[in-house]
Each structure stands twice: as structure tokens, then as C-alpha cells.
Amino acid sequence: MPVDHERAEAAVRELLLAIGEDPSREGLVDTPGRVARAYAEIFAGLDMSPADVLGKTFEIDHQELVIVRDIEVYSTCEHHLVPFHGVAHVGYIPSRDGRVTGLSKLARLVEVYARRPQVQERLTAQVADALVEHLDVQGVIVVIQAEHLCMSMRGIRKPGASTITSAVRGQLRDPATRAEAMSLMLEGNR
Ligand SMILES: Nc1nc2c(ncn2[C@@H]2O[C@H](COP(=O)(O)OP(=O)(O)OP(=O)(O)O)[C@@H](O)[C@H]2O)c(=O)[nH]1
Ligand SMILES: [Zn+2]
């Protein structure tokens, strides 16, 4: 279901009142509308499905690793509704029938799940599981490294701390294959 703009605007007006602001002052008068539009974008993944993104495949007989790394990720922590951002690396070994997806679709898949209220562990696992389910891949590894603004700008206030999560399925669970993928993903990284 797409974002209900009217409802989002009313909620933002209410929030502004709750923090002691005046939603009718000049700088804030258009804010509820802007926030509703921003939320529609930030949470667009709720209205997107992995099947839409991974529906188109083609045959390349490559049954070895394919990795797209350093995919920029912006998501929203579901506990505090503030952003977490960083990079995702997605690697997979195509299905036995040699079907692959377009490289950009891996980044699109990350977007489908990042543009929702999230926790990093679930985001990581959902990307991996979608590739198993929709592309029947022989193995997949997803690594996400992100900074959570709920840990930087509030709460414990530790800017610079980053969280790394991984999800590994199928043949990538084999220690040697996993190590090869990890080194390709992280090689030369920061
Ligand atoms: N595992 C996990 N925890 C997260 C993620 N994003 C935020 N959190 C944590 O969610 C927790 C929520 O803890 P609570 O004690 O309910 O909330 P809080 O009082 O605001 O916690 P503090 O952040 O410690 O101030 C915090 O420890 C956050 O760091 C995430 O993606 N994964
Ligand atoms: Zn948070």
C-alpha cells in the first residue's frame, strides 16, 4: 500500500506540536507535506517486491562467484526512525542452469529492503534469502557495514562506530569459498 500522504501530514503536524513547535510558523508550514513526500521515498520498499526486481534473467554459463560491492545503502532504523547508512556487498554463485540477473538488480534488491523500517540483521538476511528464493542461486553472501545515527546523534553517542552483518547461504558456507568472497568484497576497502 502506498504511503497515505494525508495521514502522514497530520502525524507530522502532531509531532511538531508535541515537541513544542508551531506548525503554522513560516518555516514549518510546508514541512508536513515535505516529510510525507520524503517518507514516501524513504519507505518506498514497502510497496516493492523482490520478484519485480529479479523477474528478468538471462543465461550466461558462469557458475562462479559474481560480486557487486560498495553498494551505498540508506535505511531507517525501526527503533528510532533515524537513518543508518553504509555499504552493502552482494556476492552469489548462479543457479545450476546458468541463469544470472543484471548486476544493477542486485543494487535494486538492496533498495527494496533498505527502503523500509529495518534492523540491519534483517535487511542483510532478506537480501540473501530473496536471491535463494527467486534466482535459485547455488550460494549467496551479503555483507553490510553501516553507521547507525541512533548510536551517533543520540543515545550512546558514539559517532564512527560501525556495525557489520553478514548472511551466508548455500555453497558460500564452505569456508574456502566464503573466504575468497570475503577477501574480494573487502579488498582495498578503507
Ligand atoms: N540489533 C540491532 N539493534 C539495533 C539496530 N538499530 C538500532 N538498534 C538498537 O536497538 C536498541 C533499542 O534499545 P532500547 O533500549 O529499546 O532503546 P533505547 O533506550 O533508545 O536504547 P539506546 O539506543 O541504548 O539509548 C538499541 O540498542 C539500538 O542500538 C539494528 O539494526 N540491529
Ligand atoms: Zn535506532
# chains A, B, ... in the order shown; residues from 1 in each chain; ligands from 1
>>> closest_atom_pairs(of="chain A", to="ligand 2", cutoff="9 Å", atoms="only C-alpha atoms and all ligand atoms", output="tab-separated table")
residue	atom	partner	partner_atom_place_in_ligand_line	distance
A:Thr76	CA	ligand 2	1 (Zn)	8.0
A:Cys77	CA	ligand 2	1 (Zn)	4.7
A:Glu78	CA	ligand 2	1 (Zn)	6.4
A:His79	CA	ligand 2	1 (Zn)	4.7
A:His80	CA	ligand 2	1 (Zn)	4.3
A:Leu81	CA	ligand 2	1 (Zn)	6.6
A:Val82	CA	ligand 2	1 (Zn)	6.3
A:Pro83	CA	ligand 2	1 (Zn)	7.8
A:Phe84	CA	ligand 2	1 (Zn)	8.0
A:Val119	CA	ligand 2	1 (Zn)	8.2
A:His148	CA	ligand 2	1 (Zn)	6.6
A:Leu149	CA	ligand 2	1 (Zn)	7.0
A:Cys150	CA	ligand 2	1 (Zn)	4.2
A:Met151	CA	ligand 2	1 (Zn)	6.8
A:Gly155	CA	ligand 2	1 (Zn)	9.0
>>> write_last_selection(atoms="N, CA and C atoms", output="compact mmCIF listing (two decimals), in the first residue's frame")
# COMPACT_ATOMS: atom_id res chain seq x y z
N THR A 76 16.45 2.92 7.39
CA THR A 76 15.89 3.61 8.55
C THR A 76 15.73 2.62 9.68
N CYS A 77 16.37 2.94 10.80
CA CYS A 77 16.29 2.09 11.99
C CYS A 77 14.85 2.07 12.49
N GLU A 78 14.30 0.87 12.64
CA GLU A 78 12.89 0.80 13.02
C GLU A 78 12.65 1.11 14.49
N HIS A 79 13.73 1.20 15.26
CA HIS A 79 13.55 1.51 16.68
C HIS A 79 13.39 3.00 16.93
N HIS A 80 14.13 3.80 16.16
CA HIS A 80 14.13 5.25 16.42
C HIS A 80 13.70 6.07 15.21
N LEU A 81 13.48 5.41 14.07
CA LEU A 81 13.14 6.10 12.82
C LEU A 81 14.17 7.16 12.44
N VAL A 82 15.44 6.85 12.68
CA VAL A 82 16.52 7.69 12.15
C VAL A 82 17.35 6.81 11.22
N PRO A 83 18.15 7.43 10.36
CA PRO A 83 18.83 6.64 9.34
C PRO A 83 19.97 5.78 9.86
N PHE A 84 20.23 4.70 9.14
CA PHE A 84 21.56 4.08 9.22
C PHE A 84 22.04 3.99 7.78
N VAL A 119 15.97 -3.36 10.74
CA VAL A 119 17.18 -3.58 11.53
C VAL A 119 18.19 -4.19 10.55
N HIS A 148 24.91 3.66 12.46
CA HIS A 148 23.52 3.94 12.88
C HIS A 148 23.47 5.30 13.57
N LEU A 149 22.70 6.20 12.99
CA LEU A 149 22.63 7.54 13.60
C LEU A 149 21.99 7.50 14.99
N CYS A 150 21.23 6.44 15.27
CA CYS A 150 20.66 6.33 16.63
C CYS A 150 21.76 6.07 17.65
N MET A 151 22.94 5.66 17.18
CA MET A 151 24.08 5.47 18.09
C MET A 151 25.04 6.65 18.01
N GLY A 155 21.43 8.89 22.25
CA GLY A 155 21.70 7.66 22.99
C GLY A 155 23.15 7.59 23.44
>>> select_by_dssp(residues="range 12-116 of chain A", states="strand (DSSP E)", output="mmCIF file with C-alpha atoms, in the first residue's frame")
data_model
loop_
_atom_site.group_PDB
_atom_site.id
_atom_site.type_symbol
_atom_site.label_atom_id
_atom_site.label_comp_id
_atom_site.auth_asym_id
_atom_site.auth_seq_id
_atom_site.Cartn_x
_atom_site.Cartn_y
_atom_site.Cartn_z
ATOM 1 C CA THR A 57 17.145 -13.108 -16.013
ATOM 2 C CA PHE A 58 19.438 -14.188 -18.794
ATOM 3 C CA GLU A 59 21.670 -17.115 -19.429
ATOM 4 C CA VAL A 66 29.676 -12.759 -9.077
ATOM 5 C CA ILE A 67 30.147 -9.875 -6.632
ATOM 6 C CA VAL A 68 28.856 -6.330 -6.643
ATOM 7 C CA ARG A 69 30.470 -4.463 -3.799
ATOM 8 C CA ASP A 70 30.265 -0.999 -2.273
ATOM 9 C CA ILE A 71 26.560 -0.546 -2.934
ATOM 10 C CA GLU A 72 25.639 2.565 -0.974
ATOM 11 C CA VAL A 73 22.802 1.876 1.467
ATOM 12 C CA TYR A 74 20.497 4.253 3.272
ATOM 13 C CA SER A 75 17.945 2.648 5.526
ATOM 14 C CA THR A 76 15.893 3.610 8.555
ATOM 15 C CA CYS A 77 16.291 2.088 11.985
ATOM 16 C CA PRO A 83 18.827 6.635 9.335
ATOM 17 C CA PHE A 84 21.557 4.085 9.217
ATOM 18 C CA HIS A 85 23.846 4.227 6.228
ATOM 19 C CA GLY A 86 26.826 2.447 4.802
ATOM 20 C CA VAL A 87 27.670 -0.066 2.116
ATOM 21 C CA ALA A 88 26.422 -3.469 1.059
ATOM 22 C CA HIS A 89 28.402 -6.138 -0.766
ATOM 23 C CA VAL A 90 26.411 -8.854 -2.517
ATOM 24 C CA GLY A 91 28.002 -11.969 -3.966
ATOM 25 C CA TYR A 92 26.409 -15.093 -5.418
ATOM 26 C CA ILE A 93 27.077 -18.264 -7.382
ATOM 27 C CA ARG A 99 20.700 -18.026 -15.108
ATOM 28 C CA VAL A 100 22.009 -14.698 -13.862
ATOM 29 C CA THR A 101 20.396 -11.378 -13.121
#
>>> residues_around(residues="Gln120 in chain A", least_positions_apart="4", cutoff="9 Å", atoms="only C-alpha atoms", output="list of chain:residue names")
A:Ser75, A:Cys77, A:Phe84, A:Ala114, A:Thr124, A:Ala125, A:Ile144, A:Gln145, A:Ala146, A:Thr163, A:Ile164, A:Thr165
>>> atom_distance(atom1="CA of Glu9 in chain A", atom2="CA of Pro32 in chain A")
4.5 Å
>>> closest_residue(among="A:Glu147, A:Asp174, A:Glu133, A:Asp22", to="ligand 1", atoms="only C-alpha atoms and all ligand atoms")
A:Glu147
>>> atom_distance(atom1="atom 20 (O, counted along the ligand's line) of ligand 1", atom2="CA of Val29 in chain A")
29.2 Å
>>> atom_distance(atom1="CA of Pro117 in chain A", atom2="CA of Phe43 in chain A")
7.1 Å
>>> closest_residue(among="A:Thr177, A:Ser24, A:Gln118, A:Gln171", to="ligand 1", atoms="only C-alpha atoms and all ligand atoms")
A:Gln118
>>> closest_residue(among="A:Leu109, A:Leu46, A:Met153, A:Ile141", to="ligand 1", atoms="only C-alpha atoms and all ligand atoms")
A:Met153
